[in-house]
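*Asks:* work02.txt is reproduced in full below (compact mmCIF, C-alpha atoms).
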# COMPACT_ATOMS: atom_id res chain seq x y z
CA MET A 179 12.98 -8.80 30.98
CA VAL A 180 10.49 -9.78 28.27
CA LYS A 181 7.55 -11.77 29.63
CA VAL A 182 6.09 -14.36 27.24
CA VAL A 183 3.08 -16.61 27.85
CA ILE A 184 2.53 -19.58 25.54
CA ILE A 185 -0.75 -21.50 25.71
CA GLY A 186 -1.62 -24.69 23.85
CA GLU A 187 -1.21 -28.42 23.50
CA VAL A 188 2.27 -29.96 23.71
CA CYS A 189 3.30 -33.30 22.24
CA THR A 190 6.39 -35.44 22.05
CA ASP A 191 7.54 -35.81 18.45
CA ARG A 192 9.34 -39.11 17.76
CA PHE A 193 11.01 -39.65 14.40
CA ILE A 194 12.04 -43.26 13.87
CA TYR A 195 14.40 -43.24 10.91
CA CYS A 196 14.56 -46.49 8.98
CA THR A 197 16.02 -48.26 6.01
CA THR A 198 14.02 -50.51 3.70
CA ASP A 199 15.06 -52.83 0.91
CA ARG A 200 12.16 -55.25 0.52
CA ILE A 201 8.39 -55.56 0.46
CA CYS A 202 6.53 -57.51 3.12
CA PRO A 203 5.43 -60.94 1.80
CA GLU A 204 2.14 -60.77 3.75
CA ALA A 205 1.02 -57.38 2.39
CA PRO A 206 2.15 -54.83 -0.22
CA VAL A 207 4.00 -52.63 2.29
CA PRO A 208 7.73 -51.99 2.83
CA VAL A 209 9.56 -53.67 5.66
CA LEU A 210 11.22 -50.95 7.76
CA GLU A 211 14.37 -51.46 9.78
CA PRO A 212 14.82 -48.72 12.42
CA THR A 213 18.30 -47.22 12.55
CA SER A 214 17.89 -44.14 14.77
CA ILE A 215 15.33 -42.24 16.83
CA SER A 216 14.99 -38.47 17.26
CA THR A 217 12.75 -37.09 20.04
CA ASN A 218 11.75 -33.53 20.85
CA SER A 219 8.89 -31.40 22.14
CA GLY A 220 6.32 -30.50 19.48
CA MET A 221 3.26 -28.27 18.89
CA ALA A 222 3.24 -25.57 21.60
CA GLY A 223 6.43 -27.15 22.92
CA ASN A 224 8.10 -26.36 19.60
CA THR A 225 6.74 -22.83 19.75
CA LEU A 226 8.33 -22.55 23.20
CA ALA A 227 11.67 -23.88 21.91
CA ASN A 228 11.73 -21.37 19.06
CA THR A 229 10.76 -18.49 21.35
CA LYS A 230 13.49 -19.48 23.80
CA ALA A 231 16.02 -19.60 20.95
CA LEU A 232 15.00 -16.10 19.84
CA LEU A 233 14.67 -14.63 23.36
CA PRO A 234 17.11 -16.59 25.54
CA ASP A 235 16.79 -14.16 28.43
CA ALA A 236 12.98 -13.92 28.41
CA LYS A 237 10.74 -15.09 31.23
CA LEU A 238 8.65 -17.83 29.59
CA LYS A 239 5.50 -19.45 30.96
CA LEU A 240 3.85 -22.40 29.24
CA TYR A 241 0.28 -23.53 29.94
CA THR A 242 -0.53 -26.92 28.49
CA GLN A 243 -2.41 -30.15 29.13
CA SER A 244 -1.41 -32.51 31.94
CA THR A 245 -1.66 -35.76 29.94
CA PRO A 246 0.94 -36.69 27.32
CA ILE A 247 0.46 -36.69 23.55
CA THR A 248 2.95 -38.58 21.37
CA LYS A 249 3.33 -38.43 17.60
CA THR A 250 5.54 -41.20 16.21
CA ARG A 251 6.64 -41.01 12.59
CA TYR A 252 8.36 -43.84 10.72
CA VAL A 253 10.56 -42.27 8.07
CA GLU A 254 12.81 -43.80 5.40
CA LYS A 255 16.09 -42.09 6.14
CA LYS A 256 17.53 -41.69 2.65
CA SER A 257 14.46 -40.14 1.01
CA ASN A 258 12.90 -38.69 4.21
CA GLN A 259 9.64 -40.31 3.06
CA MET A 260 7.22 -40.80 5.95
CA PHE A 261 5.48 -44.19 5.79
CA ILE A 262 3.17 -43.89 8.78
CA ARG A 263 2.40 -41.61 11.73
CA VAL A 264 0.96 -42.97 14.96
CA ASP A 265 -0.69 -40.47 17.35
CA GLU A 266 -1.38 -41.41 20.96
CA GLY A 267 -2.94 -39.62 23.93
CA GLU A 268 -5.25 -37.16 22.17
CA LYS A 269 -8.45 -38.46 23.77
CA ASN A 270 -9.82 -37.01 27.01
CA ILE A 271 -7.47 -34.02 27.24
CA GLN A 272 -8.26 -31.98 30.34
CA PRO A 273 -9.23 -28.37 29.55
CA LEU A 274 -7.33 -25.25 30.56
CA ASN A 275 -7.78 -24.48 34.26
CA TRP A 276 -8.47 -20.77 34.73
CA ASN A 277 -7.32 -19.10 37.95
CA ASP A 278 -6.21 -15.65 39.12
CA SER A 279 -2.55 -16.44 38.50
CA LEU A 280 -3.18 -17.44 34.88
CA GLU A 281 -5.24 -14.32 34.17
CA LYS A 282 -2.63 -12.05 35.75
CA ASN A 283 0.21 -13.65 33.82
CA ILE A 284 -1.63 -13.26 30.52
CA ALA A 285 -2.51 -9.62 31.28
CA LYS A 286 1.07 -8.76 32.32
CA ALA A 287 2.78 -10.61 29.46
CA ASP A 288 4.57 -8.59 26.79
CA ILE A 289 3.77 -11.35 24.28
CA VAL A 290 1.02 -13.98 24.34
CA ILE A 291 1.23 -16.87 21.85
CA VAL A 292 -1.67 -19.29 21.50
CA SER A 293 -0.83 -22.55 19.70
CA ASP A 294 -4.27 -24.12 19.41
CA TYR A 295 -4.14 -27.60 17.90
CA GLY A 296 -7.79 -28.35 18.59
CA LYS A 297 -7.23 -31.35 20.86
CA GLY A 298 -9.65 -30.20 23.57
CA PHE A 299 -7.35 -28.16 25.79
CA LEU A 300 -8.85 -24.82 24.72
CA THR A 301 -12.50 -23.96 24.12
CA ASN A 302 -13.90 -21.21 21.91
CA GLU A 303 -14.60 -19.24 25.11
CA ASP A 304 -10.98 -19.69 26.25
CA LEU A 305 -9.66 -18.30 22.97
CA SER A 306 -11.94 -15.28 23.21
CA LYS A 307 -10.95 -14.57 26.82
CA ILE A 308 -7.22 -14.87 26.15
CA GLY A 309 -7.49 -12.37 23.32
CA LYS A 310 -9.42 -9.90 25.46
CA ILE A 311 -6.88 -9.75 28.28
CA SER A 312 -3.68 -9.85 26.18
CA LYS A 313 -1.69 -6.78 25.17
CA LEU A 314 0.21 -8.20 22.19
CA SER A 315 -1.05 -11.57 20.97
CA ILE A 316 -0.93 -14.03 18.10
CA LEU A 317 -3.26 -17.00 17.57
CA ASP A 318 -2.17 -20.01 15.52
CA SER A 319 -5.25 -22.24 15.37
CA LYS A 320 -6.35 -25.36 13.51
CA ARG A 321 -10.08 -24.97 14.19
CA LYS A 322 -12.99 -23.14 12.58
CA LEU A 323 -12.86 -19.63 13.98
CA TYR A 324 -15.50 -16.94 14.41
CA PRO A 325 -15.17 -13.13 14.46
CA GLU A 326 -16.13 -12.75 18.15
CA MET A 327 -13.48 -15.31 19.14
CA VAL A 328 -10.57 -13.60 17.44
CA LYS A 329 -11.37 -9.88 17.21
CA ASN A 330 -9.10 -8.94 20.14
CA TYR A 331 -5.99 -10.75 18.92
CA THR A 332 -3.28 -8.60 17.39
CA PHE A 333 -2.48 -11.22 14.76
CA LEU A 334 -3.80 -14.53 13.45
CA LYS A 335 -1.50 -17.02 11.73
CA LEU A 336 -3.19 -19.39 9.29
CA ASN A 337 -1.90 -21.62 6.51
CA GLU A 338 -3.73 -21.72 3.17
CA LYS A 339 -6.05 -24.58 4.16
CA GLU A 340 -6.93 -22.93 7.48
CA TYR A 341 -7.50 -19.59 5.78
CA ASN A 342 -9.87 -21.12 3.24
CA ILE A 343 -12.21 -22.30 6.00
CA ASN A 344 -11.95 -18.97 7.85
CA LYS A 345 -12.43 -16.37 5.12
CA ASN A 346 -15.41 -14.99 7.04
CA LEU A 347 -13.16 -13.52 9.72
CA GLN A 348 -11.93 -10.40 7.89
CA HIS A 349 -9.39 -9.86 10.66
CA GLN A 350 -6.93 -7.14 9.61
CA GLY A 351 -4.03 -8.92 11.29
CA THR A 352 -4.45 -12.24 9.48
CA ILE A 353 -1.18 -13.68 8.18
CA VAL A 354 -1.53 -16.46 5.60
CA THR A 355 1.56 -18.63 5.24
CA LEU A 356 2.24 -20.04 1.76
CA GLY A 357 5.17 -22.36 2.30
CA SER A 358 8.13 -21.62 0.05
CA ALA A 359 6.12 -18.80 -1.57
CA GLY A 360 6.26 -16.76 1.64
CA ALA A 361 3.21 -15.19 3.28
CA LEU A 362 0.34 -12.72 2.84
CA LEU A 363 -0.68 -9.89 5.17
CA ARG A 364 -3.22 -7.11 4.47
CA GLY A 365 -3.39 -8.17 0.82
CA ARG A 366 0.35 -7.85 0.32
CA SER A 367 2.61 -10.73 -0.66
CA PHE A 368 5.90 -11.21 1.18
CA PRO A 369 8.09 -13.72 -0.70
CA SER A 370 10.54 -15.78 1.30
CA PRO A 371 13.89 -13.93 1.20
CA ALA A 372 15.90 -17.16 1.21
CA PRO A 373 13.86 -20.15 0.03
CA GLN A 374 15.54 -23.48 0.78
CA GLU A 375 15.04 -26.99 -0.50
CA THR A 376 12.18 -28.43 1.54
CA ILE A 377 13.19 -31.58 3.37
CA ASP A 378 10.66 -31.61 6.20
CA VAL A 379 7.84 -29.11 6.92
CA SER A 380 7.14 -30.49 10.41
CA GLY A 381 6.97 -27.64 12.92
CA ALA A 382 7.61 -24.86 10.40
CA GLY A 383 4.37 -23.10 11.35
CA ASP A 384 5.44 -22.97 15.01
CA THR A 385 8.74 -21.42 13.97
CA PHE A 386 7.01 -18.81 11.81
CA THR A 387 4.60 -17.84 14.61
CA ALA A 388 7.30 -17.43 17.24
CA ALA A 389 9.68 -15.59 14.91
CA PHE A 390 7.04 -13.17 13.66
CA ILE A 391 5.68 -12.09 17.03
CA VAL A 392 9.11 -11.82 18.67
CA LYS A 393 10.44 -9.63 15.86
CA TYR A 394 7.24 -7.55 15.88
CA TYR A 395 7.61 -6.96 19.63
CA GLU A 396 11.15 -5.75 19.00
CA THR A 397 10.56 -3.61 15.90
CA LYS A 398 6.78 -2.92 15.60
CA SER A 399 7.34 -3.42 11.86
CA GLU A 400 5.01 -5.92 10.18
CA GLU A 401 7.18 -6.02 7.04
CA GLU A 402 10.43 -6.66 8.88
CA SER A 403 8.75 -9.23 11.11
CA ILE A 404 7.14 -11.23 8.32
CA LEU A 405 10.37 -11.32 6.30
CA PHE A 406 12.24 -12.51 9.37
CA ALA A 407 9.63 -15.19 10.05
CA ASN A 408 9.82 -16.36 6.43
CA LYS A 409 13.59 -16.64 6.77
CA MET A 410 13.40 -18.65 10.01
CA ALA A 411 10.71 -21.00 8.66
CA SER A 412 12.76 -21.52 5.48
CA ARG A 413 15.71 -22.46 7.64
CA VAL A 414 13.91 -25.21 9.56
CA VAL A 415 12.23 -26.87 6.56
CA SER A 416 15.70 -27.55 5.17
CA LYS A 417 16.39 -29.86 8.14
CA ARG A 418 15.00 -33.22 9.20
CA GLY A 419 12.36 -33.48 11.92
CA VAL A 420 11.06 -30.75 14.20
CA VAL A 421 13.82 -28.28 15.05
CA ALA A 422 14.10 -24.79 16.49
CA CYS A 423 15.25 -21.95 14.26
CA PHE A 424 18.68 -21.63 15.94
Represent the structure contained in this file as structure tokens.
*Replies:*
Amino acid sequence: MVKVVIIGEVCTDRFIYCTTDRICPEAPVPVLEPTSISTNSGMAGNTLANTKALLPDAKLKLYTQSTPITKTRYVEKKSNQMFIRVDEGEKNIQPLNWNDSLEKNIAKADIVIVSDYGKGFLTNEDLSKIGKISKLSILDSKRKLYPEMVKNYTFLKLNEKEYNINKNLQHQGTIVTLGSAGALLRGRSFPSPAPQETIDVSGAGDTFTAAFIVKYYETKSEEESILFANKMASRVVSKRGVVACF
């Protein structure tokens, strides 16, 4: 049985889909009328959902914060235009609690995925330690990174914006995702094999991260894994909201 450890912040994603046909008389903003609500687990929770979809028989362990985070998006249903996002619960997140059980689980895991959203759950020291004791690992981080923090990770997953603030890393396993254009690894471009019309990019990075590392564990082929991850990410951006790849 494949053992997977996922570490990072989890949120509840709420999509409140609305209609609108008039402008507010008190201010130049649309008046939204909610018609439906979609709720799911986001951030590391979405990474978990995608990993579970890809490895339904795996033994999965998730380490996350104890206090809830909620992201509520108000979206015009016809156009899928988001009008506002309201985030709650990101202040005073309790940090990761290290113990012997956590260290053993990370060390024994076949795959370690770190979904670091920079909300205070993980410190720079935590990231470094996780990399050191992992066998096969991937870090998806939103923070400024430093070479000593990431040198022991097998792979890093960064989008273009994140890569531009982390060019100093020179980590050989850095994957740069480029949206519908695919991804870069070791200076090579990997176009998306099946680009789809983009409806919603929410959670696509989580899908890419999970799909890449799962396929790499199975095949040990970077090329096959990155093409598979491109395909899975392309699949989810063609749907509304945050969804798993299957």
*Asks:* Would you compute the distance between CA of Glu281 (chain A) and CA of Ile391 (chain A)? Give it in Å to one decimal.
*Replies:* 20.4 Å
*Asks:* Determine, counting only C-alpha atoms, which protein, DNA and RNA residues have an atom within 6 Å of an atom of region 265-267 of chain A; residues of the same chain fewer than 4 positions away are not included. Present the result as a tab-separated table (two decimals) with C-alpha atoms, keeping the file's coordinate frame.
*Replies:*
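Saved as around_25.tsv:
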chain	number	residue	atom	x	y	z
A	246	PRO	CA	0.94	-36.69	27.32
A	247	ILE	CA	0.46	-36.69	23.55
A	248	THR	CA	2.95	-38.58	21.37
A	249	LYS	CA	3.33	-38.43	17.60
*Asks:* Name the closest residue to Ser315 (chain A) among the candidates A:Phe390, A:Ile343, A:Ile194, A:Ser358; distances are taken between atoms, counting all atoms listed in the file.
*Replies:*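 Distance minimum relative to Ser315 (chain A) lands on A:Phe390.
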*Asks:* Quick one: residues within 12 Å of Ser403 (chain A), only C-alpha atoms counted, chain neighbours fewer than 2 positions away excluded, as a compact mmCIF listing (two decimals) with C-alpha atoms, keeping the file's coordinate frame?
*Replies:*
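In the end it all went to around-v9.txt:
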# COMPACT_ATOMS: atom_id res chain seq x y z
CA PHE A 333 -2.48 -11.22 14.76
CA ILE A 353 -1.18 -13.68 8.18
CA ALA A 361 3.21 -15.19 3.28
CA LEU A 363 -0.68 -9.89 5.17
CA PHE A 368 5.90 -11.21 1.18
CA SER A 370 10.54 -15.78 1.30
CA PHE A 386 7.01 -18.81 11.81
CA THR A 387 4.60 -17.84 14.61
CA ALA A 388 7.30 -17.43 17.24
CA ALA A 389 9.68 -15.59 14.91
CA PHE A 390 7.04 -13.17 13.66
CA ILE A 391 5.68 -12.09 17.03
CA VAL A 392 9.11 -11.82 18.67
CA LYS A 393 10.44 -9.63 15.86
CA TYR A 394 7.24 -7.55 15.88
CA TYR A 395 7.61 -6.96 19.63
CA GLU A 396 11.15 -5.75 19.00
CA THR A 397 10.56 -3.61 15.90
CA LYS A 398 6.78 -2.92 15.60
CA SER A 399 7.34 -3.42 11.86
CA GLU A 400 5.01 -5.92 10.18
CA GLU A 401 7.18 -6.02 7.04
CA LEU A 405 10.37 -11.32 6.30
CA PHE A 406 12.24 -12.51 9.37
CA ALA A 407 9.63 -15.19 10.05
CA ASN A 408 9.82 -16.36 6.43
CA LYS A 409 13.59 -16.64 6.77
CA MET A 410 13.40 -18.65 10.01
*Asks:* Quote the spacing between CA of Arg366 (chain A) and CA of Thr352 (chain A) in Å to one decimal place.
*Replies:*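 According to the coordinates, CA of Arg366 (chain A) and CA of Thr352 (chain A) are separated by 11.2 Å.
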*Asks:* At a cut-off of 9 Å, using all atoms listed in the file, what residues contact Gly357 (chain A)? Leave out same-chain residues fewer than 6 positions from it and give the result as a PDB file with C-alpha atoms, in the coordinates of the input.
*Replies:*
ATOM      1  CA  ASN A 337      -1.900 -21.620   6.510  1.00  0.00           C
ATOM      2  CA  GLU A 338      -3.730 -21.720   3.170  1.00  0.00           C
ATOM      3  CA  SER A 370      10.540 -15.780   1.300  1.00  0.00           C
ATOM      4  CA  VAL A 379       7.840 -29.110   6.920  1.00  0.00           C
ATOM      5  CA  ALA A 382       7.610 -24.860  10.400  1.00  0.00           C
ATOM      6  CA  ASN A 408       9.820 -16.360   6.430  1.00  0.00           C
ATOM      7  CA  ALA A 411      10.710 -21.000   8.660  1.00  0.00           C
ATOM      8  CA  SER A 412      12.760 -21.520   5.480  1.00  0.00           C
TER       9      SER A 412
END
*Asks:* Rounded to one decimal in Å, what is the spacing between CA of Leu300 (chain A) and CA of Asp191 (chain A)?
*Replies:*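 These atoms are spaced 20.7 Å apart.
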*Asks:* Would you list the contacts of Pro369 (chain A) as a short mmCIF file (atom, residue, chain, number, x, y, z; two decimals) with C-alpha atoms, in the coordinates of the input, taking every protein, DNA or RNA residue within 7 Å and counting only C-alpha atoms, but skipping same-chain residues closer than 2 positions in sequence?
*Replies:*
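As a result, part_32.cif now contains:
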data_model
loop_
_atom_site.label_atom_id
_atom_site.label_comp_id
_atom_site.auth_asym_id
_atom_site.auth_seq_id
_atom_site.Cartn_x
_atom_site.Cartn_y
_atom_site.Cartn_z
CA ALA A 359 6.12 -18.80 -1.57
CA GLY A 360 6.26 -16.76 1.64
CA ALA A 361 3.21 -15.19 3.28
CA SER A 367 2.61 -10.73 -0.66
CA PRO A 371 13.89 -13.93 1.20
#
*Asks:* Here is a test: counting all atoms listed in the file, which residue of A:Lys256, A:Glu211, A:Ile291, A:Val264 is nearest to Leu240 (chain A)?
*Replies:*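 Closest to Leu240 (chain A), using all atoms listed in the file: A:Ile291.
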*Asks:* Using all atoms of region 396-414 of chain A listed in the file and a margin of 8 Å per side, can you give the axis-aligned box centre and edge lengths in Å to one decimal, as JSON?
*Replies:*
{"center_x": 10.4, "center_y": -14.1, "center_z": 12.2, "size_x": 26.7, "size_y": 38.3, "size_z": 29.5}
*Asks:* From the set A:Leu274, A:Met221, A:Val180, A:Pro234, which residue has the shortest atom-to-atom contact distance to Gly381 (chain A), counting all atoms listed in the file?
*Replies:* A:Met221
*Asks:* Report as a list of chain:residue names all protein, DNA and RNA residues lying within 12 Å of Leu238 (chain A), evaluated on all atoms listed in the file, omitting residues in the same chain fewer than 6 positions from it.
*Replies:*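 Residues meeting the cut-off are A:Met179, A:Val180, A:Lys181, A:Val182, A:Val183, A:Ile184, A:Ile185, A:Gly223, A:Thr225, A:Leu226, A:Ala227, A:Asn228, A:Thr229, A:Lys230, A:Ala231, A:Leu232, A:Asn283, A:Ile284, A:Ala287, A:Asp288, A:Ile289, A:Val290, A:Ile291.
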*Asks:* Counting only C-alpha atoms, I want the residues whose atoms come within 12 Å of (-5.8, -11.3, 36.0) in the file frame, returned as a ChimeraX atom specification.
*Replies:* /A:276-287,307-308,310-312
*Asks:* When distances are computed from only C-alpha atoms, which of A:Glu268, A:Glu187, A:Glu303, A:Glu340 shows the smallest separation from Asn224 (chain A)?
*Replies:*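 Looking at the shortest contact to Asn224 (chain A), the residue is A:Glu187.
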*Asks:* Counting only C-alpha atoms, which residue out of A:Leu362, A:Val188, A:Met260, A:Leu210 sits closest to Asp294 (chain A)?
*Replies:* A:Val188
*Asks:* In terms of the shortest atom-to-atom distance over only C-alpha atoms, which of A:Cys202, A:Ile262, A:Val354, A:Leu334 is closest to Leu305 (chain A)?
*Replies:*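 With only C-alpha atoms as the atom set, the closest residue is A:Leu334.
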